[in-house]
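Colleague: One file is attached below, run_38.cif, containing mmCIF, C-alpha atoms.
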data_run
#
loop_
_atom_site.label_atom_id
_atom_site.label_comp_id
_atom_site.auth_asym_id
_atom_site.auth_seq_id
_atom_site.Cartn_x
_atom_site.Cartn_y
_atom_site.Cartn_z
CA MET A 1 40.00 -29.96 68.05
CA PRO A 2 37.01 -30.47 65.69
CA SER A 3 38.09 -34.04 65.01
CA GLY A 4 38.46 -34.66 68.75
CA LEU A 5 34.98 -33.23 69.35
CA ILE A 6 33.52 -35.41 66.60
CA ALA A 7 35.22 -38.46 68.09
CA LEU A 8 33.84 -37.58 71.52
CA LEU A 9 30.32 -37.14 70.13
CA ASP A 10 30.66 -40.45 68.33
CA ASP A 11 31.65 -42.15 71.61
CA VAL A 12 28.71 -40.53 73.38
CA ALA A 13 26.34 -41.73 70.65
CA THR A 14 27.74 -45.25 70.93
CA LEU A 15 27.35 -45.23 74.71
CA THR A 16 23.80 -43.92 74.34
CA LYS A 17 22.92 -46.76 72.00
CA LEU A 18 24.43 -49.27 74.43
CA ALA A 19 22.49 -47.72 77.31
CA ALA A 20 19.26 -47.84 75.30
CA ALA A 21 19.88 -51.48 74.45
CA SER A 22 20.58 -52.21 78.12
CA MET A 23 17.32 -50.51 79.12
CA ASP A 24 15.48 -52.68 76.58
CA ASP A 25 17.14 -55.74 78.12
CA ILE A 26 16.16 -54.60 81.60
CA GLY A 27 12.55 -53.94 80.55
CA ALA A 28 12.19 -57.35 78.90
CA ALA A 29 13.88 -59.10 81.82
CA VAL A 30 11.70 -57.30 84.38
CA GLY A 31 8.56 -58.42 82.53
CA LYS A 32 9.71 -62.02 82.36
CA ALA A 33 10.96 -62.16 85.95
CA GLY A 34 7.82 -60.48 87.28
CA SER A 35 5.51 -62.90 85.48
CA LYS A 36 7.42 -65.88 86.89
CA ALA A 37 6.92 -64.56 90.43
CA ALA A 38 3.19 -63.84 89.94
CA GLY A 39 2.02 -66.77 92.04
CA VAL A 40 3.94 -65.62 95.11
CA VAL A 41 2.74 -62.04 94.53
CA ILE A 42 -0.87 -63.28 94.75
CA ASP A 43 0.06 -65.08 97.96
CA ASP A 44 1.71 -61.95 99.40
CA THR A 45 -1.28 -59.76 98.53
CA ALA A 46 -3.77 -62.23 100.00
CA VAL A 47 -1.82 -62.81 103.23
CA THR A 48 -1.02 -59.23 104.27
CA PRO A 49 -4.52 -57.78 105.07
CA ARG A 50 -4.85 -60.02 108.13
CA TYR A 51 -2.07 -58.08 109.86
CA VAL A 52 -4.32 -55.04 110.36
CA THR A 53 -7.04 -57.10 112.04
CA GLY A 54 -8.07 -55.67 115.40
CA LEU A 55 -6.32 -52.34 114.88
CA ALA A 56 -7.81 -48.84 114.79
CA PRO A 57 -8.95 -47.84 111.27
CA GLU A 58 -6.85 -44.66 111.32
CA ARG A 59 -3.72 -46.80 111.89
CA GLU A 60 -4.34 -49.21 109.00
CA LEU A 61 -2.54 -47.27 106.25
CA PRO A 62 0.42 -46.22 108.48
CA ILE A 63 0.87 -49.87 109.46
CA ILE A 64 0.77 -51.00 105.84
CA GLY A 65 3.32 -48.27 105.08
CA LYS A 66 5.64 -49.65 107.79
CA ILE A 67 5.25 -53.18 106.44
CA ALA A 68 5.91 -51.98 102.88
CA LEU A 69 9.08 -50.18 104.01
CA GLY A 70 10.23 -53.31 105.83
CA SER A 71 9.47 -55.36 102.72
CA LEU A 72 11.53 -53.01 100.57
CA LYS A 73 14.45 -53.25 102.99
CA ASN A 74 14.14 -57.04 102.96
CA LYS A 75 14.31 -57.14 99.17
CA LEU A 76 16.95 -54.51 98.42
CA LEU A 77 19.29 -54.61 101.42
CA ILE A 78 19.32 -58.30 102.31
CA ILE A 79 17.82 -60.62 99.72
CA LEU A 80 19.15 -58.95 96.55
CA PRO A 81 22.89 -58.96 97.51
CA VAL A 82 22.68 -62.44 99.06
CA ALA A 83 20.90 -63.89 96.00
CA LEU A 84 23.41 -62.31 93.61
CA PHE A 85 26.33 -63.58 95.69
CA LEU A 86 24.95 -67.13 95.80
CA SER A 87 24.31 -67.00 92.05
CA TRP A 88 27.88 -65.81 91.41
CA LEU A 89 29.34 -68.39 93.81
CA GLY A 90 27.29 -71.18 92.26
CA GLN A 91 28.63 -70.29 88.81
CA ARG A 92 32.20 -70.37 90.14
CA ILE A 93 31.92 -73.75 91.90
CA GLY A 94 29.69 -75.29 89.24
CA PHE A 95 26.78 -76.04 91.59
CA ASP A 96 23.31 -74.51 91.65
CA LEU A 97 22.90 -72.85 95.06
CA ILE A 98 19.73 -70.95 94.15
CA THR A 99 17.42 -73.92 93.56
CA PRO A 100 17.99 -75.57 96.98
CA LEU A 101 17.40 -72.19 98.61
CA LEU A 102 14.22 -71.81 96.58
CA MET A 103 13.07 -75.29 97.63
CA CYS A 104 13.63 -74.45 101.31
CA GLY A 105 11.38 -71.44 100.87
CA GLY A 106 8.86 -73.58 99.00
CA ALA A 107 8.80 -76.07 101.88
CA TYR A 108 8.17 -73.18 104.29
CA LEU A 109 5.21 -72.02 102.18
CA CYS A 110 3.85 -75.59 102.23
CA PHE A 111 4.20 -75.59 106.01
CA GLU A 112 2.42 -72.22 106.34
CA GLY A 113 -0.46 -73.40 104.14
CA ALA A 114 -0.80 -76.75 105.91
CA GLU A 115 -0.64 -75.00 109.30
CA LYS A 116 -3.58 -72.81 108.30
CA LEU A 117 -5.54 -75.87 107.17
CA TRP A 118 -4.78 -77.54 110.49
CA GLU A 119 -6.01 -74.47 112.38
CA LYS A 120 -9.29 -74.59 110.41
CA VAL A 121 -9.79 -78.31 111.05
CA ALA A 122 -8.68 -78.36 114.69
CA GLY A 123 -10.11 -74.95 115.59
CA ASP A 124 -6.76 -73.92 117.05
CA HIS A 125 -6.52 -70.11 116.87
CA HIS A 126 -4.44 -69.64 120.02
CA ASP A 127 -1.88 -67.32 118.42
CA THR A 128 -4.54 -65.02 116.95
CA GLU A 129 -6.51 -64.89 120.19
CA GLU A 130 -3.36 -64.14 122.18
CA LEU A 131 -2.46 -61.34 119.78
CA LEU A 132 -5.90 -59.73 119.86
CA ALA A 133 -5.96 -59.96 123.68
CA CYS A 134 -3.07 -57.48 123.87
CA ASP A 135 -4.25 -54.36 125.75
CA ASP A 136 -1.57 -51.92 124.56
CA PRO A 137 -2.41 -50.64 121.02
CA ALA A 138 1.22 -49.58 120.42
CA GLU A 139 2.51 -53.03 121.38
CA LEU A 140 -0.16 -54.74 119.27
CA GLU A 141 0.80 -52.60 116.28
CA GLN A 142 4.51 -53.33 116.79
CA ARG A 143 3.88 -57.06 117.03
CA GLN A 144 1.66 -57.06 113.93
CA VAL A 145 4.24 -55.15 111.90
CA ALA A 146 7.10 -57.38 113.08
CA GLY A 147 5.11 -60.54 112.26
CA ALA A 148 4.15 -59.23 108.83
CA ILE A 149 7.75 -58.30 107.98
CA ARG A 150 8.96 -61.76 109.04
CA THR A 151 6.40 -63.45 106.79
CA ASP A 152 7.15 -60.98 104.02
CA PHE A 153 10.85 -61.89 104.20
CA ILE A 154 10.08 -65.45 103.12
CA LEU A 155 7.68 -64.36 100.39
CA SER A 156 10.07 -61.62 99.21
CA ALA A 157 12.92 -64.13 99.08
CA GLU A 158 10.76 -66.40 96.94
CA ILE A 159 9.86 -63.52 94.61
CA MET A 160 13.45 -62.34 94.21
CA VAL A 161 14.94 -65.83 93.78
CA ILE A 162 12.25 -66.80 91.25
CA ALA A 163 12.95 -63.56 89.40
CA LEU A 164 16.70 -64.23 89.45
CA ALA A 165 16.22 -67.79 88.20
CA ALA A 166 14.17 -66.43 85.27
CA LEU A 167 16.96 -64.08 84.14
CA GLU A 168 19.26 -64.91 81.26
CA LEU A 169 21.58 -61.93 81.67
CA THR A 170 25.36 -62.18 81.87
CA ALA A 171 26.22 -58.83 83.41
CA LEU A 172 26.00 -58.67 87.20
CA TRP A 173 24.93 -55.03 87.18
CA LEU A 174 22.05 -55.84 84.81
CA GLU A 175 20.84 -58.61 87.11
CA ALA A 176 21.07 -56.24 90.10
CA ALA A 177 19.15 -53.54 88.21
CA VAL A 178 16.40 -55.95 87.12
CA LEU A 179 16.00 -57.40 90.62
CA ALA A 180 15.86 -53.91 92.13
CA VAL A 181 13.17 -52.82 89.66
CA VAL A 182 11.20 -56.05 90.22
CA GLY A 183 11.48 -55.66 93.99
CA ILE A 184 10.31 -52.03 93.99
CA ALA A 185 7.51 -52.60 91.45
CA ILE A 186 6.14 -55.65 93.24
CA THR A 187 6.30 -53.95 96.65
CA VAL A 188 4.38 -50.93 95.35
CA ALA A 189 1.83 -53.13 93.57
CA VAL A 190 1.28 -55.49 96.52
CA TYR A 191 1.02 -52.94 99.29
CA GLY A 192 -0.88 -50.44 97.15
CA THR A 193 -3.45 -53.18 96.51
CA VAL A 194 -3.48 -54.17 100.19
CA GLY A 195 -4.02 -50.54 101.21
CA LEU A 196 -6.99 -50.31 98.85
CA ILE A 197 -8.45 -53.58 100.13
CA VAL A 198 -8.33 -52.65 103.81
CA LYS A 199 -9.90 -49.23 103.14
CA LEU A 200 -12.73 -50.53 100.96
CA ASP A 201 -15.12 -50.48 103.91
CA ASP A 202 -14.29 -46.83 104.60
CA ILE A 203 -14.81 -46.03 100.93
CA GLY A 204 -18.14 -47.86 101.08
CA LEU A 205 -19.24 -45.90 104.16
CA HIS A 206 -18.36 -42.64 102.43
CA LEU A 207 -20.32 -43.59 99.32
CA ALA A 208 -23.26 -44.79 101.43
CA SER A 209 -23.69 -41.24 102.72
CA LYS A 210 -24.43 -40.05 99.18
CA GLY A 211 -27.74 -40.43 97.44
CA GLY A 212 -29.25 -42.78 94.89
CA ALA A 213 -27.34 -45.54 93.17
CA ILE A 214 -24.00 -44.42 94.65
CA ALA A 215 -25.31 -44.95 98.17
CA ALA A 216 -26.62 -48.40 97.25
CA PHE A 217 -23.21 -49.28 95.79
CA GLY A 218 -21.51 -48.05 98.95
CA ARG A 219 -23.74 -50.18 101.19
CA GLY A 220 -23.07 -53.18 98.96
CA LEU A 221 -19.35 -52.51 99.25
CA VAL A 222 -19.55 -52.40 103.06
CA ARG A 223 -21.44 -55.70 103.11
CA GLY A 224 -19.04 -57.27 100.61
CA VAL A 225 -15.71 -56.39 102.28
CA PRO A 226 -15.89 -59.11 105.00
CA LYS A 227 -16.65 -61.70 102.32
CA LEU A 228 -13.73 -60.40 100.22
CA LEU A 229 -11.34 -60.67 103.17
CA ALA A 230 -12.58 -64.20 103.88
CA ALA A 231 -12.05 -65.12 100.22
CA LEU A 232 -8.55 -63.62 100.29
CA SER A 233 -7.73 -65.78 103.29
CA VAL A 234 -8.74 -68.89 101.34
CA ILE A 235 -6.86 -67.71 98.23
CA GLY A 236 -3.77 -66.96 100.31
CA THR A 237 -3.74 -70.45 101.82
CA ALA A 238 -4.30 -72.07 98.42
CA ALA A 239 -1.54 -69.92 96.88
CA MET A 240 0.91 -70.95 99.60
CA LEU A 241 0.23 -74.62 98.88
CA TRP A 242 0.24 -74.48 95.08
CA VAL A 243 3.26 -72.15 94.84
CA GLY A 244 5.22 -74.11 97.44
CA GLY A 245 4.38 -77.44 95.82
CA GLN A 246 5.26 -76.25 92.32
CA ILE A 247 8.57 -74.82 93.56
CA LEU A 248 9.43 -78.21 95.04
CA LEU A 249 8.43 -80.05 91.86
CA HIS A 250 10.46 -77.67 89.70
CA GLY A 251 13.45 -78.00 92.02
CA MET A 252 13.28 -81.79 91.78
CA GLU A 253 13.48 -81.48 87.99
CA VAL A 254 16.37 -79.04 88.06
CA LEU A 255 18.41 -81.02 90.61
CA HIS A 256 17.45 -84.40 89.05
CA ILE A 257 16.04 -85.68 92.36
CA GLY A 258 12.95 -87.83 92.03
CA GLU A 259 12.29 -86.50 88.52
CA ALA A 260 9.58 -89.12 87.94
CA LEU A 261 7.12 -87.24 90.18
CA PRO A 262 7.22 -83.82 88.42
CA HIS A 263 7.26 -85.52 85.02
CA PHE A 264 4.22 -87.59 86.01
CA THR A 265 2.25 -84.57 87.26
CA HIS A 266 3.06 -82.51 84.13
CA GLU A 267 2.11 -85.38 81.83
CA LEU A 268 -1.11 -86.05 83.75
CA ALA A 269 -2.06 -82.36 83.66
CA ASN A 270 -1.40 -82.11 79.92
CA LYS A 271 -3.37 -85.28 79.19
CA GLY A 272 -6.25 -84.10 81.35
CA ALA A 273 -6.32 -80.71 79.60
CA ALA A 274 -6.20 -82.38 76.18
CA ALA A 275 -9.05 -84.73 77.14
CA LEU A 276 -11.27 -81.76 78.00
CA GLY A 277 -10.80 -80.49 74.45
CA PHE A 278 -11.18 -76.75 75.10
CA TRP A 279 -9.11 -74.03 76.78
CA GLU A 280 -6.26 -76.54 77.02
CA ALA A 281 -3.66 -74.02 78.22
CA ALA A 282 -5.92 -72.78 81.03
CA TRP A 283 -6.84 -76.29 82.13
CA ALA A 284 -3.20 -77.39 82.01
CA TRP A 285 -2.30 -74.49 84.32
CA ILE A 286 -5.19 -75.28 86.69
CA LEU A 287 -4.32 -78.99 86.85
CA ASN A 288 -0.62 -78.27 87.37
CA ALA A 289 -1.56 -75.87 90.18
CA LEU A 290 -3.86 -78.53 91.67
CA PHE A 291 -1.11 -81.17 91.62
CA GLY A 292 1.30 -78.64 93.08
CA ALA A 293 -1.20 -77.95 95.88
CA ILE A 294 -1.52 -81.69 96.58
CA VAL A 295 2.26 -81.98 96.88
CA GLY A 296 2.23 -78.86 99.06
CA ILE A 297 -0.39 -80.35 101.39
CA ILE A 298 1.56 -83.60 101.75
CA VAL A 299 4.92 -81.91 102.40
CA GLY A 300 3.35 -79.28 104.65
CA ALA A 301 1.42 -81.91 106.64
CA VAL A 302 4.64 -83.83 107.30
CA ILE A 303 6.40 -80.68 108.56
CA VAL A 304 3.39 -79.64 110.69
CA GLY A 305 3.17 -83.16 112.14
CA VAL A 306 6.86 -83.20 113.06
CA LEU A 307 6.73 -79.74 114.63
CA HIS A 308 3.58 -80.60 116.59
CA LEU A 309 5.17 -83.82 117.87
CA LEU A 310 8.36 -82.16 119.10
CA PRO A 311 6.74 -80.15 121.95
CA SER A 312 4.79 -83.28 123.00
CA ARG A 313 7.98 -85.28 123.18
CA LYS A 314 9.70 -82.56 125.21
CA ALA A 315 6.73 -82.36 127.56
CA ALA A 316 6.67 -86.17 127.89
CA SER A 317 10.39 -86.22 128.67
CA ALA A 318 9.97 -83.47 131.26
CA GLU A 319 7.10 -85.35 132.93
CA ALA A 320 9.09 -88.58 132.92
CA GLY A 321 12.05 -86.86 134.57
CA ALA A 322 9.91 -85.11 137.19
CA PRO A 323 10.05 -86.61 140.72
#
Before we go any further, please render this structure as structure tokens.
Modeller:
Amino acid sequence: MPSGLIALLDDVATLTKLAAASMDDIGAAVGKAGSKAAGVVIDDTAVTPRYVTGLAPERELPIIGKIALGSLKNKLLIILPVALFLSWLGQRIGFDLITPLLMCGGAYLCFEGAEKLWEKVAGDHHDTEELLACDDPAELEQRQVAGAIRTDFILSAEIMVIALAALELTALWLEAAVLAVVGIAITVAVYGTVGLIVKLDDIGLHLASKGGAIAAFGRGLVRGVPKLLAALSVIGTAAMLWVGGQILLHGMEVLHIGEALPHFTHELANKGAAALGFWEAAWAWILNALFGAIVGIIVGAVIVGVLHLLPSRKAASAEAGAP
């Protein structure tokens, strides 16, 4: 009996060590995967505040809560199992299924960014005006939440697939655990930040009712929130273009399709950073992001042009067939 107990305790100690080592692996992998997805996280955080535009202030946080819950469901119930299955299947058939999926998402981000640029240039805000013209607050809220969750699905897919591509783990359960932790952590971080951003004006109004320097800070906060939201809109559009473009460039390298273009942009960015002679790493990142954004604008403009031509062609065909 004593020897059996000692053997059992020894097994427990061994399992504990293995579990501790696994937790270390998960922690390191979460950090690496999260950092790789940082660009899309910025995009997600910058894009989401616009979905509470035109809604009652007391409904802002409940709406963000609904969007966050939808985002979590997207990540954990749909994207995580599908991504793991495609990764497993790709390993079995000897073909990378994740990178093409990632590139499709990158092309969508390029389209979204280019579409926003087109709206700015052409002054076409029909969708926003139609949404804000809705008379039923409950319907408006439902439509805003549904639209946000649809957009979040693409961004969440990008985050989860980028995180999966950054992993170097062999055990399926470890990959699932890391992706789950990344998904939950990023959702909390993004929507916690969004909740703070959209309530900054209320915080400013509360502080403005106090006296002295606090009141002055509160009034400054109230005046600054519209400018912050406008800046976030610009940052969100830029992030869509640079993240989408860089995903496409990276995919071209991985799949060996048109490798000359990503190699050229990387080399040009590195040479430009070296020529500046200071903060080379920062300048290399900025220049790579710039070249990614240029690629994103080009790809997105092509997609926007095609999609804008299709309705015209249908309308032209309908007019030609009309008696």
Colleague: What's around A:Val254 at 12 Å? Count only C-alpha atoms, leave out sequence neighbours fewer than 3 positions away in its own chain, and write the answer as a VMD selection string.
Modeller: chain A and resid 95 to 100 102 to 103 165 247 to 251 257 to 259 262 to 263
Colleague: Please provide as a list of chain:residue names all residues within 12 Å of A:Ile286, with the sequence filter that same-chain residues fewer than 4 positions apart are discarded (counting all atoms listed in the file).
Modeller: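 Counting all atoms listed in the file, the residues come to A:Trp242, A:Gln246, A:Thr265, A:His266, A:Leu268, A:Ala269, A:Asn270, A:Gly272, A:Ala273, A:Trp279, A:Glu280, A:Ala281, A:Ala282, A:Leu290, A:Phe291, A:Gly292, A:Ala293.
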Colleague: Run the PyMOL selection byres ((chain A and resi 299) around 9) against the file shown and list the residues it catches, as a VMD selection string.
Modeller: chain A and resid 107 110 to 111 114 245 294 to 298 300 to 304
Colleague: Can you sort out the box for stretch 85-96 of chain A, edges along x, y and z, all listed atoms in, 5 Å on every side, with centre and edge lengths in Å to one decimal, as AutoDock Vina command-line options?
Modeller:
--center_x 27.8 --center_y -69.8 --center_z 92.3 --size_x 18.9 --size_y 22.5 --size_z 17.0
Colleague: What do you get, as a CSV table (one decimal) with C-alpha atoms, in the coordinates of the input, if you spell out every residue that the PyMOL selection byres ((chain A and resi 71-83) around 8) selects here?
Modeller:
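Printed below is result12.csv as written:
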chain,number,residue,atom,x,y,z
A,67,ILE,CA,5.2,-53.2,106.4
A,68,ALA,CA,5.9,-52.0,102.9
A,69,LEU,CA,9.1,-50.2,104.0
A,70,GLY,CA,10.2,-53.3,105.8
A,84,LEU,CA,23.4,-62.3,93.6
A,85,PHE,CA,26.3,-63.6,95.7
A,86,LEU,CA,25.0,-67.1,95.8
A,87,SER,CA,24.3,-67.0,92.0
A,98,ILE,CA,19.7,-71.0,94.2
A,149,ILE,CA,7.8,-58.3,108.0
A,152,ASP,CA,7.2,-61.0,104.0
A,153,PHE,CA,10.8,-61.9,104.2
A,156,SER,CA,10.1,-61.6,99.2
A,157,ALA,CA,12.9,-64.1,99.1
A,160,MET,CA,13.4,-62.3,94.2
A,161,VAL,CA,14.9,-65.8,93.8
A,164,LEU,CA,16.7,-64.2,89.4
A,176,ALA,CA,21.1,-56.2,90.1
A,179,LEU,CA,16.0,-57.4,90.6
A,180,ALA,CA,15.9,-53.9,92.1
A,183,GLY,CA,11.5,-55.7,94.0
A,184,ILE,CA,10.3,-52.0,94.0
A,187,THR,CA,6.3,-54.0,96.6
Colleague: Go ahead and compute the interatomic distance for atom CA of A:Ala238 and atom CA of A:Glu119, in Å to one decimal.
Modeller: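 According to the coordinates, atom CA of A:Ala238 and atom CA of A:Glu119 are separated by 14.3 Å.
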Colleague: Between A:Tyr191, A:Arg92, A:Lys199, A:Glu253, which one has atoms that come closest to A:Pro226, using only C-alpha atoms?
Modeller: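 Once distances to A:Pro226 are computed over only C-alpha atoms, the minimum belongs to A:Lys199.
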Colleague: What does the structure give for the distance between atom CA of A:Leu241 and atom CA of A:Gly147, in Å to one decimal?
Modeller: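 We find that atom CA of A:Leu241 and atom CA of A:Gly147 lie 20.0 Å from each other.
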Colleague: Dig up all the protein and nucleic acid residues within 10 Å of (3.3, -58.1, 111.4) in the file frame, using only C-alpha atoms, and format them as a PyMOL selection string.
Modeller: chain A and resi 48+50-52+63-64+66-67+140-152
Colleague: When you draw a straight line from atom CA of A:Leu101 to atom CA of A:Ile154, how long is it in Å?
Modeller: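 Computing it gives 10.9 Å between the two atoms.
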